[in-house]
Structure formats: C-alpha cells, structure tokens
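Okay, structure first, notes after.
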Amino acid sequence: MRQELTANPDVVVEAPAGRSRLLSRLYRDVGLAAVAAELDLPAEAFEPELSQAVERGARYLPRRRLDLAS
C-alpha cells in the first residue's frame with residue numbers, strides 16, 4: 001500500500017526556540033573556532049560578528065587551539 005507523504009513547509013521554516021537555538025549557536029561557534037584553528041587564522045581575520053563567534057567557540061576547544069588571537 002503506497003502513501004503520499006507531504007512535508008509541511010511551516011514546520012520546516014520555523015526558527016528553533018529555547019535550548020535548540022542555544023545549542024545551534026554553540027555548535028556554530030565551536031565549528032568556526034575549530035576551522036579557524038586548523039587553518040591558523042586569527043580571530044581578527046574575520047568580520048566582527050564572526051570574530052566574536054570564533055572567540056566564543058575557542059573556549060570549548062582544547063588548550064592547544066586557544067591561541068587564535070596570535
């Protein structure tokens with residue numbers, strides 16, 4: 001028996017709320033910091049908003065990656 005399933009676009013478009021939004025931001029910041037560390041890019045190499053995200057994310061990385069400001 002075949003069923004036609006449709007996606008409800010309103011559910012997909014809604015912004016995450018509460019903890020989901022906080023975790024999404026945290027994952028983004030940590031990811032940006034990890035990429036910046038691996039490419040040896042200082043936080044100042046980015047636009048101000050991204051620079052702040054890299055600095056926030058660097059707090060959660062191992063010590064050897066915290067030298068992003070150099």
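Numbering starts fresh at 1 for the residues of each chain in the structure tokens, the chains themselves are lettered A, B, ... in the order given, and ligands are numbered from 1 as they appear.
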
Problem set entry | Residue neighbourhood range 45-52 of chain A, 12 Å, only C-alpha atoms, exclusion window fewer than 6 positions, as number ranges by chain | A: 25, 28-33, 36-37, 39, 58-59, 68-70
